[in-house]
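Visitor: First, the structure itself, so that you have it in front of you.
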Amino acid sequence: MQGYTRRLDALEHRLTEETPRLSITPQDLAADIVAHLQFLQGQVATVKKRLREHLQPDESLQQQQELLISIVGVGKARRHGCWQKLARLNTLTRLVNWPPLPD
């Protein structure tokens, strides 16, 4: 799950970086940026589809996602970032609750 959300974040970050460049790029390079933006949008769609497919067979993950989406201000648009933060929190919780090493 973390791999999907990290990849999605990276792709969306690249889209955010690349989009403004289109308005300041010389005309002869604009086609390259448009092609790159289309590629990135396609990759975002693919990763989102794979993430949905990953969640589908696991009823527990589906329930957690529905609960996450139901939070006011999160919704579907921000759920991937929230998943990543929750995954990190879960990892930290496991580390904090790790049994102590024997003396």
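Labels used: A, B, ... for chains in the order of the structure tokens, numbers from 1 for residues in each chain, and numbers from 1 for ligands as shown.
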Quick one: everything within 9 Å of Val44 (chain A), counting only C-alpha atoms, minus sequence neighbours fewer than 3 positions away in the same chain. Send it as a list in words.
Guide: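 So, after excluding close chain neighbours, the residues are Arg7, Leu8, Leu11, Glu12, Phe39, Leu40, Gln41, Val47, Lys48 and Lys49 of chain A.
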Visitor: What does the structure give for the distance between CA of Leu37 (chain A) and CA of Thr16 (chain A), in Å to one decimal?
Guide: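 Spanning CA of Leu37 (chain A) to CA of Thr16 (chain A) is a straight-line distance of 9.7 Å.
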Visitor: Using Å and a single decimal, report how far CA of Thr46 (chain A) sits from CA of Asp32 (chain A).
Guide: 21.0 Å
Visitor: Just how far from CA of Tyr4 (chain A) is CA of Gln56 (chain A), in Å to one decimal?
Guide: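 Taking CA of Gln56 (chain A) as the start and CA of Tyr4 (chain A) as the end point, the length is 14.2 Å.
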